[in-house]
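Trainee: The structure is given below, and queries will be raised subsequently.
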Amino acid sequence: MCTGKCAFCVGTSLYPLAVISIICNIILFFPGWDVKYAQNKQITEEVKYMGGLVGGGIMVLIPAFHIHLTGKQGCCANRCGMFLSILFSALGVAGALYSFIVALMGLINGPYCKHTLIFWGTPFKDGSESYLKDPSTWGKCIEPNNVVEFNVGLFSTLLVTSAVQLVLCAIQMINGLFGCLCGTCKEKGPL
């Protein structure tokens, strides 16, 4: 596979991953599928960092556009475009890494929830054992309804999505380096 076709594949693969990241981050603002928690600022702290929206979303969509356009001509991409794809891919790596770290911290710290009759907080944050290993402890969160499952599902999706974005952007950095140094292959017609 030539560098242009590889860039095209990487670019088109990044689009749905960025959209998934954006959607997951937006949904995380509405635990229990209710708006009142966002209005009352009763959402998990890591959601406010917008790792999926900014990191895995916008910071990956920008490189995806350029990488896709670099490889759009198939094997006829140019060296300058490949060099720029390295820089844009580095932006994508940074965004995916940011999203990965925020999602990981969201999973480690656990959700922000009502854990006694009147107190709100993150009951799993300072525990000696991970709440992820013991689903029987998830009942500590009284409100929003099923917030632990909600956060675990969406932060896990963000974690996996950002890991794939990280790998794809790293592949494009290597691909762009080969395309920049060695040139891109061009299909030769009949002599």
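We name chains A, B, ... following the order of the structure tokens; residues begin at 1 in each chain, and ligands are numbered from 1 as shown.
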If we count only C-alpha atoms, what is near Gln39 in chain A at a cut-off of 12 Å, once residues fewer than 6 positions away on the same chain are taken out, given as number ranges by chain?
Mentor: A: 29-31
Trainee: Would you output that residue set with C-alpha atoms, as a CSV table (one decimal), in the first residue's frame?
Mentor:
chain,number,residue,atom,x,y,z
A,29,PHE,CA,-23.2,15.8,30.7
A,30,PHE,CA,-26.7,14.2,31.3
A,31,PRO,CA,-26.3,11.4,33.9
Trainee: Tell me, counting only C-alpha atoms, for each residue of range 104-188 of chain A within 10 Å of range 44-65 of chain A, which pair of atoms is nearest and how far apart they are in Å to one decimal, in rows ordered by chain and increasing number, as a tab-separated table.
Mentor:
residue	atom	partner	partner_atom	distance
A:Leu104	CA	A:Glu46	CA	9.3
A:Met105	CA	A:Glu46	CA	7.1
A:Gly106	CA	A:Glu46	CA	5.4
A:Leu107	CA	A:Glu46	CA	9.2
A:Asn109	CA	A:Glu46	CA	8.9
A:Gly110	CA	A:Thr44	CA	7.8
A:Pro111	CA	A:Thr44	CA	5.3
A:Tyr112	CA	A:Thr44	CA	4.6
A:Cys113	CA	A:Thr44	CA	7.9
A:Gly121	CA	A:Thr44	CA	8.8
A:Thr122	CA	A:Thr44	CA	8.0
A:Val147	CA	A:Thr44	CA	9.8
A:Asn151	CA	A:Thr44	CA	8.6
A:Phe155	CA	A:Gly52	CA	9.1
A:Thr157	CA	A:Gly52	CA	9.9
A:Leu158	CA	A:Gly52	CA	6.5
A:Leu159	CA	A:Gly52	CA	9.2
A:Thr161	CA	A:Gly56	CA	7.9
A:Ser162	CA	A:Gly56	CA	6.0
A:Ala163	CA	A:Gly56	CA	9.6
A:Gln165	CA	A:Gly56	CA	7.6
A:Leu166	CA	A:Gly56	CA	9.2
A:Cys169	CA	A:Pro63	CA	8.4
A:Gln172	CA	A:Pro63	CA	10.0
Trainee: Could you find all residues in range 74-165 of chain A that DSSP calls strand (DSSP E) from the backbone, and write them as a ChimeraX atom specification?
Mentor: /A:113-114,120-121
Trainee: Kindly export the residues of the current selection with all heavy atoms, as a compact mmCIF listing (two decimals), in the first residue's frame.
Mentor:
# COMPACT_ATOMS: atom_id res chain seq x y z
N CYS A 113 -21.92 11.60 42.59
CA CYS A 113 -23.30 11.18 42.84
C CYS A 113 -23.71 11.48 44.27
O CYS A 113 -22.88 11.81 45.12
CB CYS A 113 -23.46 9.69 42.55
SG CYS A 113 -22.47 8.62 43.62
N LYS A 114 -24.99 11.33 44.52
CA LYS A 114 -25.53 11.45 45.86
C LYS A 114 -25.30 10.10 46.53
O LYS A 114 -25.87 9.09 46.10
CB LYS A 114 -27.02 11.78 45.78
CG LYS A 114 -27.66 12.09 47.09
CD LYS A 114 -29.12 12.49 46.85
CE LYS A 114 -29.75 13.08 48.06
NZ LYS A 114 -31.15 13.46 47.80
N TRP A 120 -23.44 14.90 48.36
CA TRP A 120 -23.00 14.61 47.00
C TRP A 120 -21.48 14.54 47.00
O TRP A 120 -20.82 15.30 47.71
CB TRP A 120 -23.45 15.70 46.03
CG TRP A 120 -24.91 15.62 45.68
CD1 TRP A 120 -25.94 16.04 46.44
CD2 TRP A 120 -25.47 15.08 44.50
NE1 TRP A 120 -27.13 15.80 45.80
CE2 TRP A 120 -26.87 15.21 44.60
CE3 TRP A 120 -24.93 14.48 43.36
CZ2 TRP A 120 -27.73 14.78 43.61
CZ3 TRP A 120 -25.79 14.07 42.36
CH2 TRP A 120 -27.18 14.20 42.50
N GLY A 121 -20.92 13.68 46.18
CA GLY A 121 -19.47 13.58 46.09
C GLY A 121 -19.07 12.42 45.21
O GLY A 121 -19.88 11.85 44.47
Trainee: What is the distance, in Å and to one decimal place, between CA of Ile23 in chain A and CA of Lys140 in chain A?
Mentor: 27.2 Å
Trainee: Using DSSP secondary structure from the backbone, list all helix (DSSP H, G or I) positions within range 37-72 of chain A, as a VMD selection string.
Mentor: chain A and resid 37 to 39 45 to 48 51 to 71
Trainee: Hey, can you check how far CA of Gly153 in chain A sits from CA of Val35 in chain A?
Mentor: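 Here the two named atoms are 18.9 Å from each other.
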Trainee: Would you list the contacts of Leu69 in chain A as a list of chain:residue names, taking every protein, DNA or RNA residue within 9 Å and counting only C-alpha atoms, but skipping same-chain residues closer than 6 positions in sequence?
Mentor: A:Ala7, A:Phe8, A:Gly11, A:Ala77, A:Gly81
Trainee: Can you work out which one of A:Cys2, A:Val164, A:Cys182, A:Cys24 has the shortest atom-to-atom distance to Ala96 in chain A, counting only C-alpha atoms?
Mentor: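 Of all the options, A:Val164 lies closest to Ala96 in chain A.
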Trainee: Name the closest residue to Gly32 in chain A among the candidates A:Asn175, A:Thr3, A:Asn146, A:Ser156; distances are taken between atoms, counting only C-alpha atoms.
Mentor: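 Checking each candidate against Gly32 in chain A, we get A:Asn146 as the closest.
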Trainee: Would you mind reading off the distance between CA of Leu91 in chain A and CA of Ser13 in chain A, one decimal, in Å?
Mentor: 16.2 Å
Trainee: With distances taken over only C-alpha atoms, which residue among A:Glu149, A:Val160, A:Cys80, A:Leu87 lies nearest Ile101 in chain A?
Mentor: A:Val160
